[in-house]
Amino acid sequence: MEEADIKRFVRESAADILYRISQDYGELVINTLNKAFDRNYSPDGELIILSGHSFSVEADEKRVYECRLTDTVPSGIALCLVERESGGTDEARARLIFDELVIDMGRVALIRPRDGRPVSEKARCIIDTPGGSVKFAIPHVRIAYKNREIMEKLSSWVSSE
C-alpha cells in the first residue's frame, strides 16, 4: 500500500484510529503526554475519545488533547499534539475583551518516530498570521517506533477495513 493511501485513510478514519490507539497503545500515549507537557498521569490510565481528533485522560477533567497527523519533509509522518483547557476541542477558543480578540491556541508538542534525522528536544513552531509570523519553541518528543513500523501498522488497519 502506498504511503499516500495510508495517510488518506488516517485522515478519513481518525476517530477509529484514535480509538484503536487508545485501546492498544494507551500507555505509550500517556507516557508521551507526560513527557511532552510535563504531566504525571498514571501509565495505566484510561483515555476517553471525545471526537475524531480529540481525547482526554479520565483522571484529568481540566484538559483536552487534540492530535493531528502532519506530513514531514522529505517523507514520513509526525503528530501535532495540542493541550487545551476543557472546552473548545476542535477550534481554538476565542474571547473578545473590549477591542482585543484573544485566541487560546493551547500548548503544542511535536511527536515523531525515532528514525529520521537527529532532532533536538525542542522544535520551533511557526504560526503564520496576516500580521506576520509568530515563532516559539515547543517540546519535541521521539517515540520508540520507527516510521516504517507505524506505516505497517496503519497499513494493516487499512487492509482490515
# chains A, B, ... in the order shown; residues from 1 in each chain; ligands from 1
call {"tool": "residues_around", "arguments": {"residues": "Ala14 of chain A", "least_positions_apart": "4", "cutoff": "9 Å", "atoms": "only C-alpha atoms", "output": "list in words"}}
result
Phe9, Val10, Leu18, Tyr19, Ser51, Gly52, His53 and Arg68 of chain A
call {"tool": "write_last_selection", "arguments": {"atoms": "N, CA, C and O atoms", "output": "compact mmCIF listing (two decimals), in the first residue's frame"}}
result
# COMPACT_ATOMS: atom_id res chain seq x y z
N PHE A 9 -6.28 7.34 4.49
CA PHE A 9 -7.06 6.52 5.42
C PHE A 9 -7.03 7.11 6.82
O PHE A 9 -8.05 7.18 7.50
N VAL A 10 -5.85 7.55 7.26
CA VAL A 10 -5.71 8.14 8.60
C VAL A 10 -6.59 9.37 8.72
O VAL A 10 -7.30 9.55 9.71
N LEU A 18 -7.88 6.63 16.41
CA LEU A 18 -7.64 7.12 17.77
C LEU A 18 -8.19 6.13 18.79
O LEU A 18 -7.55 5.86 19.82
N TYR A 19 -9.34 5.54 18.49
CA TYR A 19 -9.90 4.53 19.40
C TYR A 19 -8.97 3.31 19.49
O TYR A 19 -8.67 2.83 20.58
N SER A 51 -13.75 13.07 20.13
CA SER A 51 -14.12 13.31 18.74
C SER A 51 -13.08 12.61 17.87
O SER A 51 -12.23 11.89 18.37
N GLY A 52 -13.13 12.86 16.56
CA GLY A 52 -12.18 12.24 15.65
C GLY A 52 -10.74 12.59 15.91
O GLY A 52 -9.85 11.85 15.55
N HIS A 53 -10.50 13.73 16.54
CA HIS A 53 -9.13 14.18 16.76
C HIS A 53 -8.82 14.49 18.21
O HIS A 53 -7.70 14.88 18.53
N ARG A 68 -3.23 15.70 15.57
CA ARG A 68 -3.35 15.87 14.12
C ARG A 68 -2.14 15.27 13.42
O ARG A 68 -1.01 15.49 13.83
call {"tool": "residues_around", "arguments": {"residues": "Leu28 of chain A", "least_positions_apart": "2", "cutoff": "9 Å", "atoms": "only C-alpha atoms", "output": "JSON, numbers by chain"}}
result
{"A": [25, 26, 30, 31, 32, 33, 43, 143, 144]}
call {"tool": "write_last_selection", "arguments": {"atoms": "all heavy atoms", "output": "tab-separated table (two decimals), in the first residue's frame"}}
result
chain	number	residue	atom	x	y	z
A	25	TYR	N	-2.41	1.09	22.62
A	25	TYR	CA	-1.19	1.82	22.94
A	25	TYR	C	-1.42	2.93	23.95
A	25	TYR	O	-0.74	3.95	23.95
A	25	TYR	CB	-0.57	2.43	21.66
A	25	TYR	CG	-0.25	1.39	20.62
A	25	TYR	CD1	-1.11	1.15	19.55
A	25	TYR	CD2	0.91	0.63	20.72
A	25	TYR	CE1	-0.82	0.18	18.61
A	25	TYR	CE2	1.21	-0.34	19.77
A	25	TYR	CZ	0.34	-0.55	18.72
A	25	TYR	OH	0.62	-1.52	17.79
A	26	GLY	N	-2.41	2.75	24.82
A	26	GLY	CA	-2.75	3.77	25.81
A	26	GLY	C	-1.57	4.19	26.67
A	26	GLY	O	-1.37	5.37	26.94
A	30	ILE	N	-0.07	7.96	27.05
A	30	ILE	CA	0.02	8.65	28.35
A	30	ILE	C	1.46	9.02	28.67
A	30	ILE	O	1.74	10.14	29.13
A	30	ILE	CB	-0.65	7.82	29.45
A	30	ILE	CG1	-2.17	7.86	29.23
A	30	ILE	CG2	-0.28	8.35	30.84
A	30	ILE	CD1	-2.96	7.02	30.19
A	31	ASN	N	2.40	8.12	28.41
A	31	ASN	CA	3.81	8.45	28.65
A	31	ASN	C	4.27	9.60	27.77
A	31	ASN	O	5.06	10.44	28.19
A	31	ASN	CB	4.69	7.22	28.43
A	31	ASN	CG	4.54	6.20	29.54
A	31	ASN	OD1	4.15	6.53	30.66
A	31	ASN	ND2	4.83	4.95	29.23
A	32	THR	N	3.75	9.66	26.54
A	32	THR	CA	4.09	10.76	25.63
A	32	THR	C	3.51	12.08	26.15
A	32	THR	O	4.19	13.11	26.12
A	32	THR	CB	3.58	10.45	24.21
A	32	THR	OG1	4.16	9.22	23.76
A	32	THR	CG2	3.95	11.56	23.24
A	33	LEU	N	2.26	12.06	26.63
A	33	LEU	CA	1.68	13.27	27.22
A	33	LEU	C	2.50	13.73	28.42
A	33	LEU	O	2.76	14.93	28.58
A	33	LEU	CB	0.24	13.01	27.68
A	33	LEU	CG	-0.81	12.74	26.62
A	33	LEU	CD1	-2.14	12.38	27.27
A	33	LEU	CD2	-0.96	13.92	25.68
A	43	PRO	N	0.52	5.61	33.94
A	43	PRO	CA	0.61	4.95	32.64
A	43	PRO	C	-0.54	4.00	32.33
A	43	PRO	O	-0.81	3.72	31.18
A	43	PRO	CB	1.93	4.17	32.71
A	43	PRO	CG	2.70	4.82	33.80
A	43	PRO	CD	1.70	5.38	34.76
A	143	ILE	N	9.12	8.89	19.84
A	143	ILE	CA	8.54	7.67	20.38
A	143	ILE	C	9.40	6.47	19.94
A	143	ILE	O	10.20	6.58	19.03
A	143	ILE	CB	7.06	7.47	19.96
A	143	ILE	CG1	6.92	7.47	18.43
A	143	ILE	CG2	6.19	8.54	20.59
A	143	ILE	CD1	5.53	7.13	17.95
A	144	ALA	N	9.20	5.34	20.56
A	144	ALA	CA	10.07	4.17	20.39
A	144	ALA	C	9.75	3.36	19.14
A	144	ALA	O	10.12	2.20	19.05
A	144	ALA	CB	9.98	3.28	21.62
call {"tool": "closest_residue", "arguments": {"among": "A:Ile21, A:Ala137, A:Glu46, A:Asn34", "to": "Lys153 of chain A", "atoms": "only C-alpha atoms"}}
result
A:Ile21
call {"tool": "residues_around", "arguments": {"residues": "Ser54 of chain A", "least_positions_apart": "4", "cutoff": "9 Å", "atoms": "only C-alpha atoms", "output": "list in words"}}
result
Ala15, Leu18, Ile48, Ile49, Leu50, Val64, Tyr65, Glu66, Cys67, Arg68, Thr89 and Asp90 of chain A
call {"tool": "write_last_selection", "arguments": {"atoms": "all heavy atoms", "output": "short mmCIF file (atom, residue, chain, number, x, y, z; two decimals), in the first residue's frame"}}
result
data_model
loop_
_atom_site.label_atom_id
_atom_site.label_comp_id
_atom_site.auth_asym_id
_atom_site.auth_seq_id
_atom_site.Cartn_x
_atom_site.Cartn_y
_atom_site.Cartn_z
N ALA A 15 -11.17 8.95 13.91
CA ALA A 15 -11.83 8.52 15.15
C ALA A 15 -11.59 7.05 15.42
O ALA A 15 -11.29 6.66 16.56
CB ALA A 15 -13.33 8.80 15.10
N LEU A 18 -7.88 6.63 16.41
CA LEU A 18 -7.64 7.12 17.77
C LEU A 18 -8.19 6.13 18.79
O LEU A 18 -7.55 5.86 19.82
CB LEU A 18 -8.29 8.50 17.94
CG LEU A 18 -7.86 9.32 19.14
CD1 LEU A 18 -6.35 9.48 19.22
CD2 LEU A 18 -8.53 10.68 19.11
N ILE A 48 -10.14 8.73 27.02
CA ILE A 48 -11.53 8.88 26.62
C ILE A 48 -11.56 9.64 25.29
O ILE A 48 -11.08 10.77 25.21
CB ILE A 48 -12.33 9.65 27.69
CG1 ILE A 48 -12.28 8.88 29.01
CG2 ILE A 48 -13.76 9.89 27.22
CD1 ILE A 48 -12.78 9.65 30.19
N ILE A 49 -12.09 9.01 24.25
CA ILE A 49 -12.17 9.62 22.93
C ILE A 49 -13.35 10.59 22.91
O ILE A 49 -14.48 10.21 23.22
CB ILE A 49 -12.33 8.55 21.82
CG1 ILE A 49 -11.26 7.47 21.94
CG2 ILE A 49 -12.33 9.20 20.44
CD1 ILE A 49 -9.84 7.96 21.95
N LEU A 50 -13.09 11.84 22.54
CA LEU A 50 -14.13 12.87 22.53
C LEU A 50 -14.64 13.16 21.13
O LEU A 50 -15.80 13.51 20.94
CB LEU A 50 -13.59 14.16 23.16
CG LEU A 50 -13.07 14.01 24.59
CD1 LEU A 50 -12.39 15.29 25.04
CD2 LEU A 50 -14.20 13.63 25.53
N VAL A 64 -7.97 18.74 27.64
CA VAL A 64 -8.36 18.00 26.45
C VAL A 64 -7.15 18.02 25.52
O VAL A 64 -6.44 19.01 25.42
CB VAL A 64 -9.58 18.66 25.77
CG1 VAL A 64 -9.87 18.02 24.43
CG2 VAL A 64 -10.79 18.61 26.67
N TYR A 65 -6.93 16.90 24.81
CA TYR A 65 -5.81 16.79 23.89
C TYR A 65 -6.34 16.59 22.48
O TYR A 65 -7.28 15.84 22.26
CB TYR A 65 -4.89 15.63 24.29
CG TYR A 65 -4.27 15.88 25.63
CD1 TYR A 65 -4.86 15.41 26.80
CD2 TYR A 65 -3.11 16.65 25.74
CE1 TYR A 65 -4.31 15.67 28.04
CE2 TYR A 65 -2.56 16.92 26.98
CZ TYR A 65 -3.16 16.43 28.13
OH TYR A 65 -2.62 16.70 29.35
N GLU A 66 -5.71 17.27 21.55
CA GLU A 66 -6.06 17.13 20.14
C GLU A 66 -4.84 16.63 19.41
O GLU A 66 -3.72 17.09 19.63
CB GLU A 66 -6.49 18.48 19.57
CG GLU A 66 -6.93 18.42 18.14
CD GLU A 66 -7.38 19.76 17.61
OE1 GLU A 66 -7.78 20.62 18.40
OE2 GLU A 66 -7.30 19.93 16.38
N CYS A 67 -5.05 15.67 18.52
CA CYS A 67 -3.95 15.03 17.80
C CYS A 67 -4.20 15.16 16.30
O CYS A 67 -5.27 14.79 15.82
CB CYS A 67 -3.91 13.56 18.22
SG CYS A 67 -2.57 12.64 17.54
N ARG A 68 -3.23 15.70 15.57
CA ARG A 68 -3.35 15.87 14.12
C ARG A 68 -2.14 15.27 13.42
O ARG A 68 -1.01 15.49 13.83
CB ARG A 68 -3.43 17.35 13.75
CG ARG A 68 -4.61 18.08 14.30
CD ARG A 68 -5.86 17.75 13.56
NE ARG A 68 -6.98 18.48 14.14
CZ ARG A 68 -8.15 18.58 13.58
NH1 ARG A 68 -8.37 18.02 12.44
NH2 ARG A 68 -9.11 19.24 14.19
N THR A 89 -12.59 21.98 21.88
CA THR A 89 -11.67 20.93 21.47
C THR A 89 -11.24 21.03 20.01
O THR A 89 -10.08 20.84 19.72
CB THR A 89 -12.31 19.55 21.68
OG1 THR A 89 -13.54 19.50 20.99
CG2 THR A 89 -12.53 19.28 23.15
N ASP A 90 -12.16 21.34 19.09
CA ASP A 90 -11.78 21.34 17.68
C ASP A 90 -11.36 22.69 17.14
O ASP A 90 -10.69 22.79 16.13
CB ASP A 90 -12.92 20.80 16.83
CG ASP A 90 -13.08 19.30 17.02
OD1 ASP A 90 -12.07 18.64 17.35
OD2 ASP A 90 -14.18 18.79 16.84
#
call {"tool": "atom_distance", "arguments": {"atom1": "atom CA of Asp44 of chain A", "atom2": "atom CA of Arg63 of chain A"}}
result
17.6 Å
call {"tool": "select_by_dssp", "arguments": {"residues": "segment 25-146 of chain A", "states": "helix (DSSP H, G or I)", "output": "list in words"}}
result
Gly26, Glu27, Leu28, Val29, Ile30, Asn31, Thr32, Leu33, Asn34, Lys35, Ala36 and Phe37 of chain A
call {"tool": "atom_distance", "arguments": {"atom1": "atom CA of Leu96 of chain A", "atom2": "atom CA of Phe37 of chain A"}}
result
27.4 Å
call {"tool": "closest_residue", "arguments": {"among": "A:Ser13, A:Asn147, A:Arg107, A:Gly131", "to": "Ala36 of chain A", "atoms": "only C-alpha atoms"}}
result
A:Arg107
call {"tool": "residues_around", "arguments": {"residues": "Pro139 of chain A", "least_positions_apart": "6", "cutoff": "10 Å", "atoms": "only C-alpha atoms", "output": "number ranges by chain"}}
result
A: 35-38, 81, 107-111, 120-125
call {"tool": "write_last_selection", "arguments": {"atoms": "N, CA, C and O atoms", "output": "PDB file, in the first residue's frame"}}
result
ATOM      1  N   LYS A  35       5.646  13.302  29.008  1.00  0.00           N
ATOM      2  CA  LYS A  35       6.924  13.875  28.568  1.00  0.00           C
ATOM      3  C   LYS A  35       6.725  15.216  27.860  1.00  0.00           C
ATOM      4  O   LYS A  35       7.458  16.172  28.105  1.00  0.00           O
ATOM      5  N   ALA A  36       5.738  15.287  26.977  1.00  0.00           N
ATOM      6  CA  ALA A  36       5.532  16.497  26.183  1.00  0.00           C
ATOM      7  C   ALA A  36       5.058  17.682  27.019  1.00  0.00           C
ATOM      8  O   ALA A  36       5.492  18.813  26.797  1.00  0.00           O
ATOM      9  N   PHE A  37       4.167  17.427  27.968  1.00  0.00           N
ATOM     10  CA  PHE A  37       3.533  18.524  28.698  1.00  0.00           C
ATOM     11  C   PHE A  37       3.836  18.506  30.190  1.00  0.00           C
ATOM     12  O   PHE A  37       3.163  19.176  30.967  1.00  0.00           O
ATOM     13  N   ASP A  38       4.827  17.745  30.585  1.00  0.00           N
ATOM     14  CA  ASP A  38       5.265  17.674  31.977  1.00  0.00           C
ATOM     15  C   ASP A  38       4.099  17.325  32.907  1.00  0.00           C
ATOM     16  O   ASP A  38       3.890  17.957  33.926  1.00  0.00           O
ATOM     17  N   LEU A  81       0.466  17.563  18.610  1.00  0.00           N
ATOM     18  CA  LEU A  81      -0.358  17.313  19.782  1.00  0.00           C
ATOM     19  C   LEU A  81      -0.604  18.641  20.483  1.00  0.00           C
ATOM     20  O   LEU A  81       0.335  19.380  20.765  1.00  0.00           O
ATOM     21  N   ARG A 107      -1.257  24.566  24.374  1.00  0.00           N
ATOM     22  CA  ARG A 107       0.157  24.177  24.344  1.00  0.00           C
ATOM     23  C   ARG A 107       0.341  23.156  23.233  1.00  0.00           C
ATOM     24  O   ARG A 107      -0.520  22.309  23.030  1.00  0.00           O
ATOM     25  N   VAL A 108       1.455  23.224  22.540  1.00  0.00           N
ATOM     26  CA  VAL A 108       1.694  22.370  21.374  1.00  0.00           C
ATOM     27  C   VAL A 108       2.965  21.552  21.573  1.00  0.00           C
ATOM     28  O   VAL A 108       3.942  22.049  22.139  1.00  0.00           O
ATOM     29  N   ALA A 109       2.951  20.306  21.098  1.00  0.00           N
ATOM     30  CA  ALA A 109       4.145  19.458  21.076  1.00  0.00           C
ATOM     31  C   ALA A 109       4.171  18.712  19.749  1.00  0.00           C
ATOM     32  O   ALA A 109       3.128  18.474  19.129  1.00  0.00           O
ATOM     33  N   LEU A 110       5.365  18.347  19.318  1.00  0.00           N
ATOM     34  CA  LEU A 110       5.553  17.581  18.100  1.00  0.00           C
ATOM     35  C   LEU A 110       5.994  16.172  18.479  1.00  0.00           C
ATOM     36  O   LEU A 110       6.926  16.007  19.270  1.00  0.00           O
ATOM     37  N   ILE A 111       5.312  15.155  17.945  1.00  0.00           N
ATOM     38  CA  ILE A 111       5.604  13.755  18.248  1.00  0.00           C
ATOM     39  C   ILE A 111       6.094  13.103  16.958  1.00  0.00           C
ATOM     40  O   ILE A 111       5.412  13.160  15.935  1.00  0.00           O
ATOM     41  N   SER A 120      16.516  18.016  17.983  1.00  0.00           N
ATOM     42  CA  SER A 120      16.729  18.465  19.356  1.00  0.00           C
ATOM     43  C   SER A 120      15.478  18.203  20.189  1.00  0.00           C
ATOM     44  O   SER A 120      14.446  17.793  19.678  1.00  0.00           O
ATOM     45  N   GLU A 121      15.577  18.475  21.491  1.00  0.00           N
ATOM     46  CA  GLU A 121      14.430  18.311  22.383  1.00  0.00           C
ATOM     47  C   GLU A 121      13.338  19.331  22.104  1.00  0.00           C
ATOM     48  O   GLU A 121      12.189  19.132  22.460  1.00  0.00           O
ATOM     49  N   LYS A 122      13.697  20.437  21.498  1.00  0.00           N
ATOM     50  CA  LYS A 122      12.721  21.479  21.182  1.00  0.00           C
ATOM     51  C   LYS A 122      12.622  21.644  19.666  1.00  0.00           C
ATOM     52  O   LYS A 122      13.600  21.537  18.952  1.00  0.00           O
ATOM     53  N   ALA A 123      11.430  21.874  19.199  1.00  0.00           N
ATOM     54  CA  ALA A 123      11.189  22.214  17.802  1.00  0.00           C
ATOM     55  C   ALA A 123      10.686  23.654  17.785  1.00  0.00           C
ATOM     56  O   ALA A 123      10.270  24.185  18.813  1.00  0.00           O
ATOM     57  N   ARG A 124      10.731  24.270  16.641  1.00  0.00           N
ATOM     58  CA  ARG A 124      10.219  25.635  16.527  1.00  0.00           C
ATOM     59  C   ARG A 124       8.862  25.572  15.848  1.00  0.00           C
ATOM     60  O   ARG A 124       8.706  24.981  14.791  1.00  0.00           O
ATOM     61  N   CYS A 125       7.867  26.137  16.470  1.00  0.00           N
ATOM     62  CA  CYS A 125       6.518  26.233  15.916  1.00  0.00           C
ATOM     63  C   CYS A 125       6.384  27.618  15.290  1.00  0.00           C
ATOM     64  O   CYS A 125       6.742  28.619  15.908  1.00  0.00           O
TER      65      CYS A 125
END
call {"tool": "atom_distance", "arguments": {"atom1": "atom CA of Val29 of chain A", "atom2": "atom CA of Ala78 of chain A"}}
result
13.8 Å
